[in-house]
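Below is target_12.csv, which holds CSV, C-alpha atoms and all ligand atoms.
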chain,number,residue,atom,x,y,z
D,8,MET,CA,-0.4,34.5,-3.8
D,9,SER,CA,0.3,30.8,-3.9
D,10,ARG,CA,3.9,29.6,-4.4
D,11,ALA,CA,4.7,26.9,-6.9
D,12,LEU,CA,4.4,23.5,-5.2
D,13,THR,CA,7.9,22.5,-4.3
D,14,VAL,CA,7.5,20.0,-1.5
D,15,GLY,CA,5.1,17.2,-2.7
D,16,PHE,CA,3.9,14.4,-0.4
D,17,ALA,CA,5.9,12.0,-2.7
D,18,ASP,CA,8.6,12.5,-5.2
D,19,PRO,CA,9.0,9.4,-7.4
D,20,GLY,CA,11.7,11.1,-9.6
D,21,ALA,CA,13.9,11.6,-6.6
D,22,ARG,CA,14.7,7.9,-6.4
D,23,TYR,CA,15.8,7.9,-10.1
D,24,ARG,CA,17.9,11.0,-9.6
D,25,ALA,CA,19.6,9.4,-6.6
D,26,HIS,CA,20.4,6.1,-8.3
D,27,ARG,CA,20.6,7.3,-12.0
D,28,VAL,CA,23.9,5.6,-12.9
D,29,GLU,CA,22.8,2.2,-11.5
D,30,VAL,CA,19.3,2.5,-13.1
D,31,ASP,CA,20.6,3.5,-16.5
D,32,ALA,CA,23.0,0.5,-16.4
D,33,ALA,CA,20.1,-1.8,-15.5
D,34,ILE,CA,18.0,-0.5,-18.3
D,35,GLN,CA,20.9,-0.9,-20.8
D,36,ARG,CA,21.4,-4.5,-19.6
D,37,VAL,CA,17.8,-5.4,-20.5
D,38,LEU,CA,18.0,-3.6,-23.8
D,39,ASP,CA,21.1,-5.6,-24.7
D,40,SER,CA,19.8,-8.9,-23.4
D,41,GLY,CA,17.1,-9.5,-26.0
D,42,TYR,CA,14.7,-10.6,-23.1
D,43,TYR,CA,11.8,-8.3,-23.3
D,44,ILE,CA,9.2,-10.6,-21.6
D,45,GLY,CA,10.2,-12.7,-18.6
D,46,GLY,CA,13.8,-13.9,-18.5
D,47,PRO,CA,16.7,-13.5,-16.0
D,48,GLU,CA,15.9,-10.0,-14.7
D,49,VAL,CA,12.3,-11.0,-13.7
D,50,GLU,CA,13.5,-14.3,-12.2
D,51,GLY,CA,16.3,-12.6,-10.4
D,52,PHE,CA,14.0,-9.9,-8.9
D,53,GLU,CA,11.4,-12.5,-7.9
D,54,ALA,CA,14.0,-14.5,-6.0
D,55,GLU,CA,15.6,-11.4,-4.4
D,56,PHE,CA,12.4,-9.8,-3.3
D,57,ALA,CA,11.0,-13.1,-2.0
D,58,ALA,CA,14.2,-13.5,0.1
D,59,TRP,CA,14.1,-9.9,1.3
D,60,SER,CA,10.5,-10.3,2.4
D,61,GLY,CA,11.1,-13.6,4.1
D,62,ARG,CA,9.0,-15.8,1.7
D,63,ALA,CA,9.9,-18.8,-0.3
D,64,HIS,CA,8.4,-17.7,-3.7
D,65,GLY,CA,7.8,-14.5,-5.5
D,66,VAL,CA,5.7,-14.2,-8.6
D,67,GLY,CA,6.0,-10.9,-10.6
D,68,VAL,CA,2.8,-9.6,-12.1
D,69,GLY,CA,1.7,-6.4,-13.9
D,70,ASN,CA,0.6,-4.4,-10.9
D,71,GLY,CA,-0.5,-4.7,-7.3
D,72,THR,CA,-4.2,-4.9,-8.3
D,73,ASP,CA,-3.5,-8.0,-10.3
D,74,ALA,CA,-1.4,-9.4,-7.5
D,75,LEU,CA,-4.5,-9.4,-5.3
D,76,ARG,CA,-6.9,-10.5,-8.0
D,77,LEU,CA,-4.7,-13.5,-9.1
D,78,ALA,CA,-4.0,-14.5,-5.5
D,79,LEU,CA,-7.7,-14.7,-4.8
D,80,THR,CA,-8.4,-16.7,-8.0
D,81,ALA,CA,-5.5,-19.0,-7.2
D,82,CYS,CA,-7.1,-19.6,-3.8
D,83,ASP,CA,-10.3,-20.6,-5.7
D,84,ILE,CA,-12.2,-17.5,-4.5
D,85,GLY,CA,-14.6,-16.2,-7.0
D,86,PRO,CA,-18.3,-15.9,-7.9
D,87,GLY,CA,-20.6,-16.6,-5.0
D,88,ASP,CA,-17.9,-16.0,-2.4
D,89,GLU,CA,-17.7,-13.0,0.0
D,90,VAL,CA,-14.4,-11.4,0.9
D,91,ILE,CA,-14.2,-9.2,4.0
D,92,THR,CA,-12.2,-6.0,3.6
D,93,VAL,CA,-12.2,-2.3,4.4
D,94,ALA,CA,-13.5,0.7,2.5
D,95,HIS,CA,-10.7,2.9,3.8
D,96,THR,CA,-8.1,1.8,1.3
D,97,ALA,CA,-7.0,2.4,-2.3
D,98,VAL,CA,-10.0,1.3,-4.4
D,99,ALA,CA,-7.6,-1.2,-6.0
D,100,THR,CA,-8.0,-3.5,-3.0
D,101,VAL,CA,-11.8,-3.7,-3.6
D,102,ALA,CA,-11.5,-3.7,-7.4
D,103,ALA,CA,-9.3,-6.8,-7.2
D,104,ILE,CA,-12.0,-8.7,-5.2
D,105,SER,CA,-14.7,-7.7,-7.7
D,106,MET,CA,-12.4,-8.6,-10.6
D,107,ALA,CA,-11.9,-12.0,-9.1
D,108,GLY,CA,-15.7,-12.3,-9.3
D,109,ALA,CA,-16.2,-12.3,-5.5
D,110,THR,CA,-18.3,-9.8,-3.5
D,111,PRO,CA,-16.5,-7.4,-1.2
D,112,ARG,CA,-18.0,-7.2,2.3
D,113,PHE,CA,-17.0,-4.0,4.0
D,114,VAL,CA,-16.2,-3.7,7.7
D,115,ASP,CA,-15.3,-0.5,9.5
D,116,VAL,CA,-11.8,0.5,10.6
D,117,GLU,CA,-10.8,1.1,14.2
D,118,PRO,CA,-10.2,4.7,15.2
D,119,THR,CA,-6.5,4.5,16.4
D,120,HIS,CA,-4.6,3.2,13.3
D,121,LEU,CA,-7.5,3.3,10.8
D,122,LEU,CA,-7.0,-0.5,10.1
D,123,LEU,CA,-9.6,-3.2,9.7
D,124,ASP,CA,-11.6,-3.4,13.0
D,125,LEU,CA,-11.0,-6.9,14.3
D,126,ASP,CA,-14.0,-6.6,16.6
D,127,ALA,CA,-16.2,-6.1,13.5
D,128,LEU,CA,-15.2,-9.5,11.9
D,129,ASP,CA,-17.8,-11.6,13.7
D,130,GLY,CA,-20.6,-9.4,12.5
D,131,ALA,CA,-19.5,-9.6,8.8
D,132,LEU,CA,-19.1,-13.4,8.8
D,133,THR,CA,-21.7,-15.3,6.7
D,134,GLU,CA,-21.7,-18.8,5.2
D,135,LYS,CA,-20.3,-17.3,2.0
D,136,THR,CA,-17.2,-15.7,3.6
D,137,ARG,CA,-14.1,-17.2,2.1
D,138,ALA,CA,-11.3,-14.7,2.7
D,139,VAL,CA,-10.2,-11.6,4.4
D,140,VAL,CA,-8.0,-9.1,2.4
D,141,ALA,CA,-6.2,-7.2,5.2
D,142,VAL,CA,-4.6,-3.9,4.2
D,143,HIS,CA,-1.5,-2.8,6.2
D,144,LEU,CA,-2.5,0.8,5.4
D,145,TYR,CA,0.0,3.6,5.3
D,146,GLY,CA,2.7,1.0,6.2
D,147,HIS,CA,1.3,0.2,9.7
D,148,PRO,CA,0.8,-3.6,10.1
D,149,ILE,CA,-2.6,-4.9,11.4
D,150,ASP,CA,-2.5,-7.1,14.5
D,151,LEU,CA,-1.6,-10.3,12.6
D,152,ASP,CA,-1.8,-12.6,15.6
D,153,ARG,CA,-5.4,-11.8,16.3
D,154,LEU,CA,-6.4,-11.7,12.6
D,155,LEU,CA,-4.8,-15.0,11.8
D,156,ALA,CA,-6.3,-16.7,14.9
D,157,TRP,CA,-9.8,-15.5,13.7
D,158,CYS,CA,-9.2,-16.6,10.1
D,159,ARG,CA,-8.1,-20.1,11.3
D,160,ALA,CA,-11.0,-20.4,13.7
D,161,HIS,CA,-13.5,-19.7,10.9
D,162,GLU,CA,-11.6,-21.5,8.1
D,163,VAL,CA,-11.2,-18.3,6.1
D,164,THR,CA,-8.2,-17.5,3.9
D,165,LEU,CA,-6.1,-14.6,4.8
D,166,ILE,CA,-4.6,-12.5,2.0
D,167,GLU,CA,-2.3,-9.6,3.0
D,168,ASP,CA,-2.4,-6.4,1.0
D,169,CYS,CA,1.2,-5.2,1.5
D,170,ALA,CA,1.1,-2.6,-1.3
D,171,GLN,CA,1.9,0.1,1.3
D,172,ALA,CA,3.9,-2.0,3.7
D,173,HIS,CA,7.3,-3.1,2.1
D,174,GLY,CA,9.5,-3.2,5.2
D,175,ALA,CA,6.7,-3.3,7.9
D,176,THR,CA,7.0,-5.9,10.6
D,177,TRP,CA,4.7,-7.4,13.3
D,178,ARG,CA,6.5,-8.7,16.4
D,179,GLY,CA,9.7,-8.1,14.5
D,180,ARG,CA,8.8,-10.4,11.6
D,181,PRO,CA,8.1,-9.0,8.1
D,182,VAL,CA,4.4,-8.6,7.2
D,183,GLY,CA,3.3,-11.0,4.4
D,184,GLY,CA,4.1,-14.2,6.2
D,185,TRP,CA,0.9,-14.7,8.1
D,186,GLY,CA,-1.5,-14.9,5.2
D,187,ARG,CA,-1.6,-17.5,2.4
D,188,ALA,CA,-0.3,-14.8,0.0
D,189,ALA,CA,1.2,-11.3,0.3
D,190,CYS,CA,0.5,-8.9,-2.5
D,191,TYR,CA,2.8,-6.0,-3.3
D,192,SER,CA,2.6,-3.0,-5.6
D,193,PHE,CA,5.6,-1.3,-7.1
D,194,TYR,CA,3.7,1.8,-8.3
D,195,PRO,CA,6.3,4.5,-8.5
D,196,THR,CA,5.5,6.2,-5.2
D,197,LYS,CA,5.5,3.0,-3.1
D,198,ASN,CA,8.3,2.2,-0.6
D,199,LEU,CA,9.8,0.1,-3.4
D,200,GLY,CA,8.7,1.8,-6.7
D,201,ALA,CA,9.3,1.0,-10.4
D,202,LEU,CA,9.4,3.6,-13.1
D,203,GLY,CA,6.0,2.4,-14.2
D,204,ASP,CA,3.7,-0.4,-13.0
D,205,GLY,CA,4.6,-3.6,-11.3
D,206,GLY,CA,3.4,-6.0,-8.7
D,207,LEU,CA,4.3,-9.3,-7.0
D,208,VAL,CA,2.7,-12.1,-5.0
D,209,ALA,CA,4.9,-13.6,-2.3
D,210,THR,CA,4.0,-16.9,-0.7
D,211,ASP,CA,5.5,-19.9,1.0
D,212,ASP,CA,3.0,-22.2,-0.9
D,213,ALA,CA,4.7,-23.6,-3.9
D,214,ALA,CA,1.5,-24.9,-5.5
D,215,LEU,CA,-0.1,-21.5,-5.1
D,216,ALA,CA,2.9,-19.8,-6.7
D,217,ALA,CA,2.8,-22.2,-9.6
D,218,ARG,CA,-0.9,-21.5,-10.2
D,219,ILE,CA,-0.3,-17.7,-10.2
D,220,ARG,CA,2.5,-18.2,-12.7
D,221,ARG,CA,0.0,-20.0,-14.9
D,222,LEU,CA,-2.8,-17.5,-14.4
D,223,ARG,CA,-0.6,-14.5,-15.2
D,224,THR,CA,0.1,-16.0,-18.7
D,225,TYR,CA,-3.2,-17.1,-20.3
D,226,GLY,CA,-3.5,-20.1,-18.0
D,227,TRP,CA,-0.6,-21.8,-19.9
D,228,ASP,CA,1.4,-24.8,-18.9
D,229,ALA,CA,5.0,-25.4,-20.1
D,230,ASP,CA,3.6,-26.6,-23.4
D,231,ARG,CA,1.6,-23.4,-23.9
D,232,VAL,CA,-1.7,-25.2,-23.3
D,233,SER,CA,-4.3,-23.1,-21.5
D,234,HIS,CA,-5.7,-25.2,-18.6
D,235,GLU,CA,-7.9,-22.5,-17.3
D,236,LEU,CA,-8.8,-18.9,-18.1
D,237,GLY,CA,-5.8,-16.8,-17.4
D,238,VAL,CA,-4.8,-13.2,-18.1
D,239,ASN,CA,-1.8,-11.3,-19.4
D,240,SER,CA,-0.3,-9.7,-16.4
D,241,ARG,CA,3.5,-10.0,-16.3
D,242,LEU,CA,6.2,-8.0,-14.6
D,243,ASP,CA,8.1,-6.2,-17.3
D,244,PRO,CA,11.9,-7.0,-17.4
D,245,LEU,CA,12.8,-3.3,-17.6
D,246,GLN,CA,10.8,-2.7,-14.4
D,247,ALA,CA,12.3,-5.9,-12.8
D,248,ALA,CA,15.8,-4.7,-13.5
D,249,ILE,CA,15.0,-1.2,-12.1
D,250,LEU,CA,13.4,-2.8,-9.0
D,251,ARG,CA,16.6,-4.9,-8.4
D,252,VAL,CA,18.4,-1.6,-8.0
D,253,GLY,CA,15.7,-0.2,-5.8
D,254,LEU,CA,15.8,-3.3,-3.6
D,255,LYS,CA,19.5,-2.7,-2.8
D,256,HIS,CA,18.6,0.7,-1.4
D,257,LEU,CA,15.3,-0.2,0.2
D,258,ASP,CA,16.4,-0.8,3.8
D,259,GLY,CA,18.3,2.5,3.8
D,260,GLU,CA,15.3,4.3,2.4
D,261,ILE,CA,12.9,2.8,5.0
D,262,ALA,CA,15.4,4.0,7.7
D,263,CYS,CA,15.1,7.5,6.2
D,264,ARG,CA,11.3,7.3,6.3
D,265,ARG,CA,11.5,6.3,10.0
D,266,ALA,CA,13.8,9.2,10.8
D,267,LEU,CA,11.5,11.6,9.1
D,268,ALA,CA,8.5,10.2,10.9
D,269,ALA,CA,10.3,10.5,14.3
D,270,ARG,CA,11.1,14.1,13.4
D,271,TYR,CA,7.5,15.0,12.5
D,272,ALA,CA,6.4,13.4,15.8
D,273,ARG,CA,8.9,15.4,17.8
D,274,GLU,CA,8.3,18.7,16.1
D,275,LEU,CA,4.5,18.5,15.8
D,276,ARG,CA,3.9,17.2,19.3
D,277,ASP,CA,2.4,20.5,20.6
D,278,VAL,CA,0.3,21.2,17.5
D,279,PRO,CA,-3.4,20.3,17.8
D,280,LEU,CA,-3.2,17.6,15.1
D,281,LYS,CA,-3.9,13.9,15.6
D,282,LEU,CA,-0.5,12.4,14.8
D,283,PRO,CA,-0.1,8.7,13.8
D,284,VAL,CA,0.2,6.2,16.6
D,285,VAL,CA,2.4,3.1,16.4
D,286,ALA,CA,1.2,-0.1,18.1
D,287,PRO,CA,3.8,-1.6,20.5
D,288,LYS,CA,4.3,-4.8,18.3
D,289,ALA,CA,4.4,-2.9,15.0
D,290,GLY,CA,7.3,-1.9,12.9
D,291,HIS,CA,5.9,0.9,10.8
D,292,ALA,CA,7.2,1.3,7.3
D,293,TRP,CA,6.0,4.9,6.9
D,294,HIS,CA,4.8,4.7,3.4
D,295,LEU,CA,2.6,7.7,4.3
D,296,TYR,CA,2.6,10.0,7.3
D,297,VAL,CA,-1.1,10.7,7.9
D,298,VAL,CA,-2.3,13.3,10.4
D,299,ARG,CA,-5.9,14.0,11.2
D,300,THR,CA,-7.7,17.3,11.8
D,301,ALA,CA,-11.2,18.7,11.5
D,302,HIS,CA,-9.6,21.6,9.7
D,303,ARG,CA,-8.3,19.4,6.9
D,304,GLY,CA,-9.5,21.5,3.9
D,305,ALA,CA,-8.2,24.8,5.3
D,306,LEU,CA,-4.9,23.3,6.4
D,307,ALA,CA,-4.4,21.7,3.0
D,308,GLY,CA,-5.1,25.1,1.3
D,309,HIS,CA,-2.7,26.8,3.7
D,310,LEU,CA,0.0,24.3,2.9
D,311,ARG,CA,-0.5,24.6,-0.8
D,312,ALA,CA,-0.2,28.4,-0.5
D,313,ALA,CA,3.1,27.8,1.2
D,314,GLY,CA,4.4,25.6,-1.6
D,315,VAL,CA,3.7,22.3,0.1
D,316,GLY,CA,1.5,19.7,-1.6
D,317,PRO,CA,-0.1,17.3,0.8
D,318,GLY,CA,-2.1,14.3,-0.2
D,319,VAL,CA,-5.4,12.8,1.0
D,320,HIS,CA,-5.6,9.0,1.4
D,321,TYR,CA,-8.5,8.7,0.9
D,322,PRO,CA,-11.2,11.3,0.3
D,323,LEU,CA,-13.9,8.9,-0.7
D,324,PRO,CA,-14.3,5.5,0.9
D,325,ALA,CA,-14.7,2.6,-1.6
D,326,HIS,CA,-18.3,1.9,-0.6
D,327,ARG,CA,-19.2,5.4,-1.6
D,328,HIS,CA,-17.8,5.0,-5.2
D,329,PRO,CA,-20.5,4.5,-7.8
D,330,ALA,CA,-18.7,1.3,-8.8
D,331,TRP,CA,-19.7,-0.3,-5.5
D,332,ARG,CA,-22.3,2.0,-4.0
D,333,ASP,CA,-22.9,-0.2,-1.0
D,334,GLY,CA,-25.1,0.8,2.0
D,335,SER,CA,-22.7,-0.3,4.7
D,336,ALA,CA,-22.7,1.9,7.7
D,337,LEU,CA,-19.0,2.7,8.4
D,338,PRO,CA,-18.9,5.7,10.6
D,339,VAL,CA,-15.2,5.6,11.6
D,340,THR,CA,-14.3,5.2,7.9
D,341,GLU,CA,-16.5,8.2,6.9
D,342,ARG,CA,-15.0,10.4,9.6
D,343,ALA,CA,-11.4,9.4,8.7
D,344,CYS,CA,-12.0,10.3,5.0
D,345,ALA,CA,-13.0,13.8,6.0
D,346,GLU,CA,-10.0,14.3,8.3
D,347,VAL,CA,-6.9,12.6,7.0
D,348,LEU,CA,-4.0,14.5,5.4
D,349,SER,CA,-0.8,13.0,4.2
D,350,LEU,CA,2.3,15.1,4.9
D,351,PRO,CA,5.3,14.9,2.6
D,352,MET,CA,7.1,11.6,3.3
D,353,HIS,CA,9.7,10.1,1.0
D,354,PRO,CA,13.4,9.3,1.4
D,355,GLY,CA,14.4,12.2,-0.8
D,356,LEU,CA,12.8,14.7,1.5
D,357,GLY,CA,15.4,17.0,2.9
D,358,ILE,CA,15.5,18.5,6.5
D,359,ALA,CA,15.0,22.0,5.1
D,360,GLU,CA,11.9,20.9,3.2
D,361,GLN,CA,10.5,19.1,6.2
D,362,ASP,CA,11.1,22.2,8.2
D,363,ARG,CA,9.0,24.2,5.7
D,364,VAL,CA,6.1,21.7,6.2
D,365,ILE,CA,6.4,21.9,10.0
D,366,GLU,CA,6.7,25.7,10.0
D,367,ALA,CA,3.7,26.1,7.7
D,368,ILE,CA,1.6,23.8,10.0
D,369,GLY,CA,2.7,25.8,13.0
D,370,ASP,CA,1.7,29.1,11.3
D,371,PHE,CA,-1.7,27.7,10.4
D,372,PHE,CA,-2.6,26.7,14.0
D,373,GLN,CA,-1.3,29.9,15.4
D,374,ASP,CA,-3.6,31.7,13.1
D,375,ILE,CA,-6.5,29.5,14.4
D,376,GLU,CA,-5.6,30.5,17.9
D,377,ARG,CA,-5.7,34.2,17.1
D,378,HIS,CA,-8.8,34.1,14.9
D,379,PRO,CA,-10.9,31.0,15.8
D,380,GLU,CA,-14.0,32.6,14.2
D,381,ASP,CA,-12.4,32.3,10.8
D,382,HIS,CA,-11.7,28.6,11.1
D,383,ASP,CA,-14.9,26.8,12.0
D,384,PRO,CA,-14.4,23.3,10.7
X,1,LIG,C1,-3.4,-0.6,-0.4
X,1,LIG,C2,-3.3,-0.8,-1.9
X,1,LIG,N1,-3.7,-2.0,-2.5
X,1,LIG,C3,-3.5,-2.2,-3.8
X,1,LIG,C4,-2.9,-1.3,-4.6
X,1,LIG,C5,-2.8,-1.5,-6.1
X,1,LIG,O1,-1.6,-1.4,-6.6
X,1,LIG,P1,-1.4,-1.0,-8.2
X,1,LIG,O2,-1.6,0.5,-8.3
X,1,LIG,O3,0.1,-1.4,-8.4
X,1,LIG,O4,-2.3,-1.8,-9.0
X,1,LIG,C6,-2.4,-0.1,-4.1
X,1,LIG,C7,-1.8,0.9,-4.9
X,1,LIG,O5,-2.3,2.0,-5.2
X,1,LIG,C8,-2.6,0.2,-2.7
X,1,LIG,O6,-2.2,1.3,-2.1
Let me see whether you can do it: turn the structure in this file into structure tokens.
Ligand SMILES: Cc1ncc(COP(=O)(O)O)c(C=O)c1O
Amino acid sequence: MSRALTVGFADPGARYRAHRVEVDAAIQRVLDSGYYIGGPEVEGFEAEFAAWSGRAHGVGVGNGTDALRLALTACDIGPGDEVITVAHTAVATVAAISMAGATPRFVDVEPTHLLLDLDALDGALTEKTRAVVAVHLYGHPIDLDRLLAWCRAHEVTLIEDCAQAHGATWRGRPVGGWGRAACYSFYPTKNLGALGDGGLVATDDAALAARIRRLRTYGWDADRVSHELGVNSRLDPLQAAILRVGLKHLDGEIACRRALAARYARELRDVPLKLPVVAPKAGHAWHLYVVRTAHRGALAGHLRAAGVGPGVHYPLPAHRHPAWRDGSALPVTERACAEVLSLPMHPGLGIAEQDRVIEAIGDFFQDIERHPEDHDP
């Protein structure tokens, strides 16, 4: 009989429980302030997050999808333009490109880190290519030196999708500083999560930041005159105040994620799972700890029966969703989608809980060794 799931791959409520007094005080501050749209909490968070991530400007928006969409629009990328990206990502990455009016052009991922395959870029380049949206998937940065060199050589704008990469670094520098804009999500399970939706564009380009500020509020200037078609996508002051609390604890929480990842790597090293590999110049932020196995379905079922709830990021690549159905041949992506399994990874995960995950995985593979005939992938 299955046990109730007690160890999930994420636990957004844990962060609130850990910082309840500070979060409650932050919410009360907003309620008392009378600022329910914009105002000092939003401006304070924008400045604090921009500084934390090493950028000059931060523009809060409603969610990470809008951060990407508005960044693309602000870079004048839209109808008739092609944007290179991956299908092995949250569909939000691709939705943002389509919402901006541009056409996503999918390239495969490389098999080691499951990030955009830089060797595939030349083959995807056309006279319509205007941008690359690079996803630092799972919290592992892409090789930003190579990617930026390619973008510069071909006069293509680089936008970094940092939704899973708060705290990741490349050559010791925070991600988000190579592209023209870095787009973050504060979905509750992210490394920095709100208690609802939230997003932000970080950039060093003052004009770009100003345009995104305009686009997020109906295209308005200071006199409330719409100069272009904008949207309503603002960071909520309640979420901004909550995120200011989260930001104070973020470095410590990323350190926890790193310790948990090191422990998984140590304890699972003899198990026949493909464990995540970290590139030498990468500082992984461990948003997700993703292993790969041909026995994914059976292992996930076994973990659930043991009370552990793994995740799958992602079971269906974007180009196979009916919304895009695109004939691209992406064999590494397709294979990854069949094999990836996200183990519990969040700062509230206790050692005893992690031990349960490790033990359950060990039991599963011991059973395969004893009864291989029952476990044909
Ligand atoms: C890689 C990636 N890009 C974009 C997004 C979109 O963020 P949001 O859910 O805040 O719109 C997400 C979050 O799911 C994501 O993981």
Shell around Ile365 of chain D at 12 Å using only C-alpha atoms, local window under 2 positions removed, as a ChimeraX atom specification: /D:14,267-268,270-278,280,306,310,313,315,350-351,358-363,367-372
Show me, as a PDB file with C-alpha atoms, in the frame of the given file, the residues that have an atom within 8 Å of Trp185 of chain D when counting all atoms listed in the file, minus same-chain residues fewer than 4 positions from it.
ATOM      1  CA  LEU D 151      -1.600 -10.300  12.600  1.00  0.00           C
ATOM      2  CA  LEU D 155      -4.800 -15.000  11.800  1.00  0.00           C
ATOM      3  CA  LEU D 165      -6.100 -14.600   4.800  1.00  0.00           C
ATOM      4  CA  GLU D 167      -2.300  -9.600   3.000  1.00  0.00           C
TER       5      GLU D 167
END
Contacts of ligand LIG 1 (chain X), 9 Å or closer, all atoms listed in the file, given as number ranges by chain: D: 69-75, 96-103, 142-145, 168-172, 190-197, 204-206
Proximity to Gly179 of chain D - best of D:Gly46, D:Tyr296, D:Trp331, D:Gly290, only C-alpha atoms: D:Gly290
Nearest to Ile249 of chain D by atom-to-atom distance, counting all atoms listed in the file, from D:Phe16, D:Phe52, D:Trp157, D:Tyr43: D:Phe52
Atom pair atom CA of Arg76 of chain D / atom CA of Ala107 of chain D: separation (Å): 5.3 Å
Segment 25-31 of chain D surroundings by only C-alpha atoms, 7 Å radius, close-in-sequence under 4 positions cut, as number ranges by chain: D: 21, 35, 249, 252
Top pick for closest residue to Arg22 of chain D, considering D:His256, D:His291, D:His302, D:His234 and counting all atoms listed in the file: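 The closest residue to Arg22 of chain D is D:His256.
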